[in-house]
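S.K.: Sharing a structure with you now.
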Amino acid sequence: MRPQGRPSFTGRPGTETGGSSAQGRPSLPTQFVNFSFFKVDPAWRRLSESEQEKGKQEFAAVVKEYQGKPGTFVLSYSLVGIRSDAELMLWRIANDLETFQKMTSELMKTGLGKYLEITYSYLSLTKRSVYVDKMDPEHQNPRTHIIPGRSKYLFIYPFVKTRDWYQLSFPARQGMMDEHIQVGSKYPSVKLNTTYSFGIDDQEFVVAFETDDPKDFLNLVQELRETEASRYTLRDVPMFTCIRHDDVLDALHTL
Amino acid sequence: MRPQGRPSFTGRPGTETGGSSAQGRPSLPTQFVNFSFFKVDPAWRRLSESEQEKGKQEFAAVVKEYQGKPGTFVLSYSLVGIRSDAELMLWRIANDLETFQKMTSELMKTGLGKYLEITYSYLSLTKRSVYVDKMDPEHQNPRTHIIPGRSKYLFIYPFVKTRDWYQLSFPARQGMMDEHIQVGSKYPSVKLNTTYSFGIDDQEFVVAFETDDPKDFLNLVQELRETEASRYTLRDVPMFTCIRHDDVLDALHTL
Amino acid sequence: MRPQGRPSFTGRPGTETGGSSAQGRPSLPTQFVNFSFFKVDPAWRRLSESEQEKGKQEFAAVVKEYQGKPGTFVLSYSLVGIRSDAELMLWRIANDLETFQKMTSELMKTGLGKYLEITYSYLSLTKRSVYVDKMDPEHQNPRTHIIPGRSKYLFIYPFVKTRDWYQLSFPARQGMMDEHIQVGSKYPSVKLNTTYSFGIDDQEFVVAFETDDPKDFLNLVQELRETEASRYTLRDVPMFTCIRHDDVLDALHTL
Amino acid sequence: MRPQGRPSFTGRPGTETGGSSAQGRPSLPTQFVNFSFFKVDPAWRRLSESEQEKGKQEFAAVVKEYQGKPGTFVLSYSLVGIRSDAELMLWRIANDLETFQKMTSELMKTGLGKYLEITYSYLSLTKRSVYVDKMDPEHQNPRTHIIPGRSKYLFIYPFVKTRDWYQLSFPARQGMMDEHIQVGSKYPSVKLNTTYSFGIDDQEFVVAFETDDPKDFLNLVQELRETEASRYTLRDVPMFTCIRHDDVLDALHTL
Amino acid sequence: MRPQGRPSFTGRPGTETGGSSAQGRPSLPTQFVNFSFFKVDPAWRRLSESEQEKGKQEFAAVVKEYQGKPGTFVLSYSLVGIRSDAELMLWRIANDLETFQKMTSELMKTGLGKYLEITYSYLSLTKRSVYVDKMDPEHQNPRTHIIPGRSKYLFIYPFVKTRDWYQLSFPARQGMMDEHIQVGSKYPSVKLNTTYSFGIDDQEFVVAFETDDPKDFLNLVQELRETEASRYTLRDVPMFTCIRHDDVLDALHTL
């Protein structure tokens, strides 16, 4: 894993395909990305405090074990107090699908896991965007790797475009992306991570925005409603607001 | 928090963005708004009366603790007898997201909380409207703060406009808002609070109406169906009718 | 409560707004209407017969108490053997919302109530129709009150019209209503009660038909499909067929 | 009940309205039809084998009691291994709605019934079709009665046409039905039963096909996709494939 | 069962109808195909390890018994860590529907089966495609049989085309299929199995892709979005990513 500067929203989608890049520079392999949302069975809350604590410790130990693996990222977020259908979220990045399977299998066997329901799970891959960032073309260097940020808030939604979008000429689409990028550049505090799900999950993209200022993000999304590209959105819900907890145990203690 | 007069429905949406206002007057910071809907597990009703009472007291104590915090509002409503999918609603206003998280975390750990399911939760922000209130333009003073009313009934719905709306010219939209405001001005008993959810939740707006007369509100909504703006509604359900209980314990005793 | 003749389907929607009528005659106050649908937890069926009987008696006692209140109607129906998502239905009419809340609160605390789930609940108000009944204009006397019938079967559905309907001129809509009324007049055995839900629940209307002959009603609905107004229906499901049991205990014994 | 020859798919929908027919011949009374789909609570599978067997015997006894009543049909099918949302289906035909209510009430009180969930239930009536079968017009004799067949497989779906269909002229619709009938006539092994649900349930029709050869039926449905009438289908799912078990106990033993 | 070479995606859909083929060659009988998705009740995870192991052994024994039957295939996959609504998937192929029923009945009676919920189940048949593979027409030999591959990953989705597709002329559809096949031929690592569900389940087709490289498949699906045929897709979700475990016990151990 080669770390690199955080791409801001400004037209740099933050990901590209693996393999050698068009410019002949070597590039990093594709990353697999998963966002898993959990909710606790109310019966969990009726267990003794010590049993709850033991279960959380077991769960946290698995998370920390995987956080230590090379090429693997596991970030923890809480949605308690925000949504009705999810309370905990793990953002996971790995070099293969099997890592997600093995880790989830271990998580669900912990004391806490036995009382968790996975309410949403989104699978995606990193990939180079087909669109050029005209505002910053020299930033088109290899970026197939996401370095998940350390912002306080994360906003995620699965995204499906209309089939009409895919019938447009490439220049028409590039033009609309230019407008989209220009609006985004007005909100430098917001970092965008776009990942791809065609054929491997129900959506086409999973989009994850990181920022410390929810109002900035709200204003950005409202302003994007008036762009031309917005007309080609088929589905962009559910929209999840997640609060980051650096230590997974802190996230678990909100449950 | 600076209290202020209750904006009526008459073209004064009751909220605006924080930061210094266009007229150079200082304004209040943005408020975070949350509507949480709860339903009790039928198993709760099979507990002994004393255990139920103890659980309610614990739940009420948390509510009252937060009601005492500066800048925080917690209003309690019951939907028992009205809807099938919600029985209790807390309308919460705070200066940050973390307050909602911490409070919900504490609520769910009370005796009652262990038997509650959150069936809906709507997150939004206060923000200045982009539209001018032509019927009362001088009322465009800073109103980024909601002062939740003390009406007997509250009507809430999440609201999404069609994408076509956002492609209209601003003057066309302003014109339709003028018509909308004019209809609203015929029902002075109804107070409107509009809050914004772009990107932070599944809807674009959460709209909350306060009134003492449900029939007035019904007539207003029916009359609005014939306005031009009504054609640009994509979704405005579920529509919740909530009965206010000043003391949260009174709301809990309807469960 | 002033009883009055049962309006038949023939263009007399059976309800109108309160307040003094246009013709200067005094009128009755608005009624609140609620249709609550219940389903028993299968665990209920595993209780001893005596415990079940006790629970039903408690539930029936609450129903009967409210049946005795002036201005309040509670009619009981069973849907066992007909639908998968509801088994018991209470049609309630009262002068305020608080009556529904208080009664439901009491019902859910009975032995049976502790094992009931409310699967649907529709809230509405009585109101004078804006359309004239050309087939029987002299019947436009005050009818803001529903006198629930004593027919064997009740057919209910929530109803939402398309937004296009509300953009039509009033004469165009009146014309379509004339056609609608004319078809209805061919089925005198079917009595229609239309109530209004704009803004207070997810639908615009709740429509309840009473008849002793399900086939008559089926033929009426099929014939209405070919009217012009039918094109402006956005949603008219779920459609509930309910069998009336005069004594609520008889309805409970079908559970 | 007057038995009669099995109508094939060939334009003879198998049902007509009761009352004296247009041709002056006496006809049989309308039949009520119900398709009830059940799923067992997994907790059922954890009961002792003898308790399970006792519960099945009780359930089967109720079925057999009603099978013996004049004018009543109860046929049993299993969907185990085929769908995720239903395991057992009872096809019931009776002369009134009350029979379904009484029978279901008794079924749910048996040892097995206490662990059953009804996942779907479709209610309909037999009725004479408004379309003429040009391929076999002399078969327009009274057929308001369904004689449920004894084929190995039953395919059922609820059916809703678009509102545009009902705005077409009758000759246009008759023409499309002619094409539909002509395609059907190529698959003589498939028997169609059309029943009517306008106003009494969420769909307009419930369609039930009987055959011994699933591939024949699949080919028929695929070929019908290309007919003109197919464009006027609004909804035709869920589509249930059911395997007939002559003895209800055999169906119960698949659970 | 006559084994045969694995058809690649390149225009050879891998299945055709039974009966004697157009070219007069004898062909194999139709296969029935089922994809069953399971999820464990969280209560399962709270059982003792030895009880869990016993339950898995019983479940595996049933799977292995059916794997040994002639003409029957049972392949096992895990979705743990990938989706929220399914954890285990069995891909089953048999010569009749009764085999699925009998096997599922036995599976659900095992120690593990008593805690399993079937969350999705798709039923289909093999059938010759009506379209010609212009890129490889000589491969149109009998292929009514699927030989399920041994790739690491399987991607499955139920598929429904718009009714407009079926109104197009056959040459127009063949032309679009030609384009579709040409795109597919660029990804030789991806093997396609198309099966048919018209009338026997909610979808028209069940499509299953086998590959060792998820990125190849993602790129293929993304590229297909721009083909003409893509505009005639009505529904192609849920999209399941499944990881193959040769031994069913290995799949069970991920639970």
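Each chain in the structure tokens gets a letter, A, B and so on, in the order shown; residues start at 1 in every chain, and ligands are counted from 1 in the order they appear.
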Starting from chain C, keep only residues with some atom at most 9 Å from an atom of chain D, counting only C-alpha atoms, and report them as number ranges by chain.
M.R.: C: 42-46, 78-85, 155-157, 214-215, 217-222, 225-228, 230-231, 233, 236-241, 243, 253-255
S.K.: What lies within 10 Å of Leu75 of chain B using only C-alpha atoms, ignoring chain neighbours under 6 positions off, as number ranges by chain?
M.R.: B: 35, 63-64, 67, 89-93, 148-150, 244-248
S.K.: Would you list, as a list of chain:residue names, the residues of segment 155-208 of chain E that end up in alpha helix (DSSP H) under DSSP run on this structure's backbone?
M.R.: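 Output for segment 155-208 of chain E, alpha helix (DSSP H) only: E:Arg163, E:Asp164, E:Trp165, E:Tyr166, E:Gln167, E:Phe170, E:Pro171, E:Ala172, E:Arg173, E:Gln174, E:Gly175, E:Met176, E:Met177, E:Asp178, E:Glu179, E:His180, E:Ile181, E:Gln182, E:Val183, E:Gly184.
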S.K.: Got time to write the residues from that selection, C-alpha atoms, as a compact mmCIF listing (two decimals), in the first residue's frame?
M.R.:
# COMPACT_ATOMS: atom_id res chain seq x y z
CA ARG E 163 -42.92 -5.22 -22.14
CA ASP E 164 -41.67 -2.91 -24.92
CA TRP E 165 -38.89 -5.41 -25.64
CA TYR E 166 -41.44 -8.06 -26.55
CA GLN E 167 -43.16 -5.73 -29.01
CA PHE E 170 -37.40 -10.35 -33.94
CA PRO E 171 -34.62 -8.96 -36.21
CA ALA E 172 -34.39 -5.84 -34.04
CA ARG E 173 -34.00 -7.98 -30.95
CA GLN E 174 -31.49 -10.27 -32.67
CA GLY E 175 -29.46 -7.20 -33.61
CA MET E 176 -29.33 -6.02 -30.05
CA MET E 177 -28.39 -9.49 -28.87
CA ASP E 178 -25.55 -9.45 -31.42
CA GLU E 179 -24.18 -6.27 -29.84
CA HIS E 180 -24.63 -7.78 -26.39
CA ILE E 181 -22.76 -10.94 -27.42
CA GLN E 182 -19.95 -8.90 -28.96
CA VAL E 183 -19.36 -7.06 -25.68
CA GLY E 184 -19.48 -10.33 -23.78
S.K.: Could you state the separation of atom CA of Gln31 of chain D and atom CA of Thr195 of chain D in Å, given to one decimal place?
M.R.: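 Going from atom CA of Gln31 of chain D over to atom CA of Thr195 of chain D, I get 9.4 Å.
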